[in-house]
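Engineer: I have a structure here, written as structure tokens, and I will follow up with some questions on it.
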Amino acid sequence: MNNKKSAWQYTPELPIKYSPMFDWPQPILGTLRYFLGSGFIFSQRTVYAIVAVLAWVYFMPELSTAKNFAWSWVGTVAVVLLVINLVYGWGYHWLFWVSNLNSKECKFDRRPMAINSDRFLFANQLWDNVFLSLTSGLFFAVFYMCGFMWLYANGSIFMHTWNDGWLWYLAVFPITIWWSSLHFYVVHRLMHEWQWLYDKVHALHHKNINIGPWSGMAMHPVEHAIYLSSVMLHLFIPSDPIHVLFHLIYLAAGAYWGHIGYEGFYVGKKQVLAGGNFFHQLHHRYFDCNYGTAEMPWDKWFGSFHTGTEEDTQKVRNKTSSK
Ligand SMILES: [Zn+2]
Ligand SMILES: [Zn+2]
């Protein structure tokens with residue numbers, strides 16, 4: 001770990017890097033190691049997939065019941081998604097911001113969550129963030145999940161189950177992750193470039209400069225609708241309701257995780273869980289940079305990548321002041 005006295009309490013090694021998957025020339029061994037290791041297979045993404053399967057098999061309503069609208073099955077979907085959001089949102093918050101299990105050394109920003117601040121609902125950043133996540137955030141997640149279940153149940157879109165071919169079934173999971181990275185880059189950049197949309201909608205998310213897990217889904221309802229519309233992918237590629245559920249878990253839990261404000265989960269000096277997101281933390285501090293994710297180099301390709309260095313901070317400041 002290194003300690004940097006100026007802008008941050010802690011930074012990972014700078015400049016930050018993308019996943020090696022899209023590097024050129026392609027480091028095949030590095031990519032393989034990333035894919036089989038902490039990047040994909042041994043990452044929380046696999047846990048999200050397992051949660052989606054278990055939730056679908058044991059707790060979600062039978063697909064056949066979704067042929068017609070009824071509050072009973074829609075209510076069950078809402079409860080399942082609420083529980084999943086609570087487990088991940090509170091779980092990460094408790095692990096990083098409440099308990100002493102995690103080493104506090106790798107916290108990016110020195111400041112605590114804002115309290116007694118009139119910028120936030122209830123004058124409290126945490127409660128503001130929880131409220132937005134569990135009201136309109138949950139509403140749109142339920143809306144998309146139920147919409148897809150209704151379409152699948154009525155045979156209106158093409159469904160691909162495990163029995164239809166396991167290879168494509170498994171491939172849909174990484175495709176979902178790559179697609180959501182592109183989708184997020186495009187819609188997020190649009191929300192910054194279109195001033196009206198920024199002022200009326202996205203500015204709400206950016207009230208959070210020092211971020212915690214619940215900041216991840218603290219959005220304006222219009223942004224929730226846009227952000228979660230990433231699941232529209234499944235209208236166009238043969239998928240299963242479990243893929244849609246995984247996609248929604250990935251978008252929510254991934255956002256909570258991406259805003260933890262820490263480099264990772266450490267016990268002493270040993271990193272137990274990798275993947276805090278300094279990439280997005282930089283976006284919350286400097287705004288006009290890092291619109292996408294560290295998964296795919298969209299920002300690098302389109303000239304908005306902030307690597308965490310002082311030089312890049314100056315470049316972003318010049319760009320912002322010339323607007
Ligand atoms: Zn933004
Ligand atoms: Zn954010």
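The chains in the structure tokens are called A, B, ... from first to last as shown; in each chain the residues are counted from 1, and the ligands are counted from 1 in the order shown.
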For ligand 1, return the neighbouring residues as a list in words (distance at most 10 Å; only C-alpha atoms and all ligand atoms).

Structural biologist: Tyr185, Val187, His188, Arg189, Leu190, Met191, His192, Tyr198, His202, Ala203, Leu204, His205, His206, His280, His283, His284, Arg285, Tyr286, Phe287, Asp288, Cys289, Asn290, Tyr291 and Gly292 of chain A

Engineer: Residues of chain A within 9 Å of ligand 2: nearest atom pair and distance (Å, one decimal) for each, counting only C-alpha atoms and all ligand atoms, sorted by chain and number, as a tab-separated table?

Structural biologist:
```
residue	atom	partner	partner_atom_place_in_ligand_line	distance
A:His205	CA	ligand 2	1 (Zn)	6.5
A:His206	CA	ligand 2	1 (Zn)	7.1
A:Asn208	CA	ligand 2	1 (Zn)	7.9
A:Ile209	CA	ligand 2	1 (Zn)	8.8
A:Ile211	CA	ligand 2	1 (Zn)	7.8
A:Ser215	CA	ligand 2	1 (Zn)	6.7
A:Gly216	CA	ligand 2	1 (Zn)	5.4
A:Met217	CA	ligand 2	1 (Zn)	7.9
A:Ala218	CA	ligand 2	1 (Zn)	8.3
A:Met219	CA	ligand 2	1 (Zn)	8.9
A:Ala255	CA	ligand 2	1 (Zn)	7.4
A:Gly258	CA	ligand 2	1 (Zn)	7.7
A:His259	CA	ligand 2	1 (Zn)	6.5
A:His280	CA	ligand 2	1 (Zn)	6.4
A:Gln281	CA	ligand 2	1 (Zn)	7.5
A:His283	CA	ligand 2	1 (Zn)	7.4
A:His284	CA	ligand 2	1 (Zn)	6.3
```

Engineer: Mind dumping the selected residues with N, CA and C atoms as a PDB file, in the first residue's frame?

Structural biologist:
```pdb
ATOM      1  N   HIS A 205     -26.860  11.974  -8.786  1.00  0.00           N
ATOM      2  CA  HIS A 205     -25.850  10.952  -8.444  1.00  0.00           C
ATOM      3  C   HIS A 205     -24.536  11.633  -8.041  1.00  0.00           C
ATOM      4  N   HIS A 206     -24.254  12.782  -8.680  1.00  0.00           N
ATOM      5  CA  HIS A 206     -22.973  13.452  -8.428  1.00  0.00           C
ATOM      6  C   HIS A 206     -22.970  14.342  -7.193  1.00  0.00           C
ATOM      7  N   ASN A 208     -22.844  12.988  -4.632  1.00  0.00           N
ATOM      8  CA  ASN A 208     -21.917  12.123  -3.889  1.00  0.00           C
ATOM      9  C   ASN A 208     -20.509  12.261  -4.466  1.00  0.00           C
ATOM     10  N   ILE A 209     -19.689  13.052  -3.791  1.00  0.00           N
ATOM     11  CA  ILE A 209     -18.295  13.196  -4.250  1.00  0.00           C
ATOM     12  C   ILE A 209     -17.431  12.190  -3.488  1.00  0.00           C
ATOM     13  N   ILE A 211     -17.762   8.782  -1.885  1.00  0.00           N
ATOM     14  CA  ILE A 211     -18.806   7.770  -2.119  1.00  0.00           C
ATOM     15  C   ILE A 211     -18.712   6.571  -1.187  1.00  0.00           C
ATOM     16  N   SER A 215     -24.129   4.745  -2.572  1.00  0.00           N
ATOM     17  CA  SER A 215     -24.091   5.807  -3.590  1.00  0.00           C
ATOM     18  C   SER A 215     -24.218   5.204  -4.985  1.00  0.00           C
ATOM     19  N   GLY A 216     -23.848   3.932  -5.118  1.00  0.00           N
ATOM     20  CA  GLY A 216     -23.861   3.271  -6.426  1.00  0.00           C
ATOM     21  C   GLY A 216     -25.204   3.311  -7.109  1.00  0.00           C
ATOM     22  N   MET A 217     -26.283   3.151  -6.347  1.00  0.00           N
ATOM     23  CA  MET A 217     -27.621   3.150  -6.951  1.00  0.00           C
ATOM     24  C   MET A 217     -28.423   4.382  -6.525  1.00  0.00           C
ATOM     25  N   ALA A 218     -27.717   5.401  -6.018  1.00  0.00           N
ATOM     26  CA  ALA A 218     -28.405   6.644  -5.644  1.00  0.00           C
ATOM     27  C   ALA A 218     -28.542   7.507  -6.891  1.00  0.00           C
ATOM     28  N   MET A 219     -29.658   7.351  -7.574  1.00  0.00           N
ATOM     29  CA  MET A 219     -29.855   8.011  -8.864  1.00  0.00           C
ATOM     30  C   MET A 219     -31.247   8.619  -8.939  1.00  0.00           C
ATOM     31  N   ALA A 255     -22.739  -1.989  -8.858  1.00  0.00           N
ATOM     32  CA  ALA A 255     -22.673  -0.545  -8.573  1.00  0.00           C
ATOM     33  C   ALA A 255     -22.352  -0.313  -7.099  1.00  0.00           C
ATOM     34  N   GLY A 258     -18.752  -1.072  -6.782  1.00  0.00           N
ATOM     35  CA  GLY A 258     -17.933  -0.075  -7.492  1.00  0.00           C
ATOM     36  C   GLY A 258     -17.824   1.250  -6.759  1.00  0.00           C
ATOM     37  N   HIS A 259     -18.658   1.449  -5.722  1.00  0.00           N
ATOM     38  CA  HIS A 259     -18.634   2.705  -4.971  1.00  0.00           C
ATOM     39  C   HIS A 259     -18.183   2.499  -3.517  1.00  0.00           C
ATOM     40  N   HIS A 280     -13.708   4.614 -10.983  1.00  0.00           N
ATOM     41  CA  HIS A 280     -14.967   5.375 -10.877  1.00  0.00           C
ATOM     42  C   HIS A 280     -14.882   6.430  -9.774  1.00  0.00           C
ATOM     43  N   GLN A 281     -14.039   6.164  -8.763  1.00  0.00           N
ATOM     44  CA  GLN A 281     -13.829   7.170  -7.712  1.00  0.00           C
ATOM     45  C   GLN A 281     -13.279   8.456  -8.339  1.00  0.00           C
ATOM     46  N   HIS A 283     -13.915   9.485 -11.306  1.00  0.00           N
ATOM     47  CA  HIS A 283     -15.034  10.138 -11.993  1.00  0.00           C
ATOM     48  C   HIS A 283     -15.838  10.998 -11.014  1.00  0.00           C
ATOM     49  N   HIS A 284     -16.054  10.496  -9.807  1.00  0.00           N
ATOM     50  CA  HIS A 284     -16.829  11.269  -8.825  1.00  0.00           C
ATOM     51  C   HIS A 284     -16.074  12.501  -8.342  1.00  0.00           C
TER      52      HIS A 284
END
```

Engineer: Residues at most 10 Å from range 31-44 of chain A, counting only C-alpha atoms, excluding those fewer than 2 positions away in the same chain, as a compact mmCIF listing (two decimals) with N, CA and C atoms, in the first residue's frame?

Structural biologist:
```txt
# COMPACT_ATOMS: atom_id res chain seq x y z
N SER A 19 -8.41 -3.96 -17.55
CA SER A 19 -8.22 -5.40 -17.60
C SER A 19 -7.41 -5.71 -18.86
N PRO A 20 -6.59 -6.77 -18.84
CA PRO A 20 -5.70 -7.02 -19.99
C PRO A 20 -6.43 -7.57 -21.22
N MET A 21 -7.73 -7.81 -21.11
CA MET A 21 -8.47 -8.50 -22.19
C MET A 21 -8.43 -7.78 -23.52
N PHE A 22 -8.35 -6.43 -23.48
CA PHE A 22 -8.40 -5.69 -24.74
C PHE A 22 -7.09 -4.99 -25.06
N ASP A 23 -6.02 -5.40 -24.37
CA ASP A 23 -4.69 -4.85 -24.68
C ASP A 23 -4.25 -5.33 -26.05
N GLN A 26 -1.98 -8.55 -27.75
CA GLN A 26 -2.76 -9.25 -26.74
C GLN A 26 -1.87 -10.15 -25.87
N PRO A 27 -1.81 -9.88 -24.55
CA PRO A 27 -1.05 -10.76 -23.65
C PRO A 27 -1.90 -11.98 -23.29
N ILE A 28 -1.84 -13.00 -24.15
CA ILE A 28 -2.77 -14.12 -24.02
C ILE A 28 -2.75 -14.76 -22.63
N LEU A 29 -1.52 -14.97 -22.12
CA LEU A 29 -1.44 -15.61 -20.79
C LEU A 29 -2.04 -14.73 -19.70
N THR A 46 -19.09 -14.53 -10.34
CA THR A 46 -19.56 -15.92 -10.25
C THR A 46 -20.55 -16.05 -9.10
N VAL A 47 -20.28 -15.33 -8.01
CA VAL A 47 -21.22 -15.37 -6.88
C VAL A 47 -22.55 -14.76 -7.30
N TYR A 48 -22.51 -13.67 -8.06
CA TYR A 48 -23.77 -13.06 -8.55
C TYR A 48 -24.56 -14.09 -9.38
N ALA A 49 -23.83 -14.85 -10.21
CA ALA A 49 -24.51 -15.85 -11.05
C ALA A 49 -25.12 -16.95 -10.17
N ILE A 50 -24.39 -17.37 -9.16
CA ILE A 50 -24.92 -18.42 -8.25
C ILE A 50 -26.14 -17.88 -7.50
N PHE A 173 -23.24 -14.98 -19.93
CA PHE A 173 -22.79 -14.26 -18.72
C PHE A 173 -21.68 -13.24 -19.03
N PRO A 174 -20.54 -13.68 -19.65
CA PRO A 174 -19.54 -12.64 -19.98
C PRO A 174 -20.04 -11.64 -21.03
N ILE A 177 -21.64 -8.89 -19.28
CA ILE A 177 -20.71 -7.97 -18.62
C ILE A 177 -20.07 -7.01 -19.63
N TYR A 250 -26.04 -7.94 -11.21
CA TYR A 250 -24.73 -7.40 -11.57
C TYR A 250 -24.76 -5.87 -11.60
N ALA A 253 -25.58 -4.83 -7.55
CA ALA A 253 -24.49 -5.19 -6.63
C ALA A 253 -23.15 -4.68 -7.16
N GLY A 254 -22.99 -4.72 -8.49
CA GLY A 254 -21.76 -4.21 -9.11
C GLY A 254 -21.61 -2.72 -8.84
N TRP A 257 -20.66 -2.30 -5.18
CA TRP A 257 -19.24 -2.66 -5.02
C TRP A 257 -18.34 -1.60 -5.64
N LEU A 273 -10.37 -9.68 -0.96
CA LEU A 273 -11.27 -9.43 -2.11
C LEU A 273 -10.72 -8.25 -2.90
N ALA A 274 -10.43 -8.49 -4.18
CA ALA A 274 -9.91 -7.42 -5.01
C ALA A 274 -11.06 -6.63 -5.62
N GLY A 275 -10.73 -5.50 -6.19
CA GLY A 275 -11.70 -4.89 -7.08
C GLY A 275 -12.43 -3.67 -6.59
N GLU A 295 -13.42 -2.29 -17.10
CA GLU A 295 -13.55 -3.57 -17.78
C GLU A 295 -13.09 -3.48 -19.25
```

Engineer: Which residues of range 49-163 of chain A have any atom within 6 Å of an atom in range 261-265 of chain A when counting only C-alpha atoms, and what is the closest pair of atoms for each, with the distance in Å to one decimal? Order the rows by chain and rising number and write it as JSON lines.

Structural biologist:
```
{"residue": "A:Asn102", "atom": "CA", "partner": "A:Phe265", "partner_atom": "CA", "distance": 5.8}
{"residue": "A:Cys106", "atom": "CA", "partner": "A:Glu263", "partner_atom": "CA", "distance": 5.5}
{"residue": "A:Lys107", "atom": "CA", "partner": "A:Tyr262", "partner_atom": "CA", "distance": 4.3}
{"residue": "A:Phe108", "atom": "CA", "partner": "A:Tyr262", "partner_atom": "CA", "distance": 5.7}
```

Engineer: So the first atom is CA of Pro112 in chain A and the second is CA of Ala252 in chain A; what is the distance between them in Å, to one decimal place?

Structural biologist: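 Rounded to one decimal, the two atoms are 22.7 Å apart.
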
Engineer: Can you tell me, as an MDAnalysis selection string, which residues in range 93-221 of chain A count as strand (DSSP E or B) by DSSP?

Structural biologist: chainID A and resid 107 115 124 159

Engineer: May I have the residues from that selection written out with N, CA and C atoms, as a PDB file, in the first residue's frame?

Structural biologist:
```
ATOM      1  N   LYS A 107      -8.611   3.158   2.174  1.00  0.00           N
ATOM      2  CA  LYS A 107      -9.764   4.006   1.869  1.00  0.00           C
ATOM      3  C   LYS A 107      -9.254   5.185   1.036  1.00  0.00           C
ATOM      4  N   ILE A 115     -23.013  14.073   7.008  1.00  0.00           N
ATOM      5  CA  ILE A 115     -24.208  14.177   7.867  1.00  0.00           C
ATOM      6  C   ILE A 115     -24.465  15.662   8.122  1.00  0.00           C
ATOM      7  N   ASN A 124     -28.702  13.603   5.311  1.00  0.00           N
ATOM      8  CA  ASN A 124     -27.798  12.501   5.655  1.00  0.00           C
ATOM      9  C   ASN A 124     -27.496  11.706   4.376  1.00  0.00           C
ATOM     10  N   MET A 159     -36.211 -17.795 -26.027  1.00  0.00           N
ATOM     11  CA  MET A 159     -35.608 -18.206 -24.757  1.00  0.00           C
ATOM     12  C   MET A 159     -34.574 -19.312 -25.022  1.00  0.00           C
TER      13      MET A 159
END
```

Engineer: As an exercise, work out the distance from CA of Leu63 in chain A to CA of Ala153 in chain A in Å and give it to one decimal place.

Structural biologist: 5.8 Å
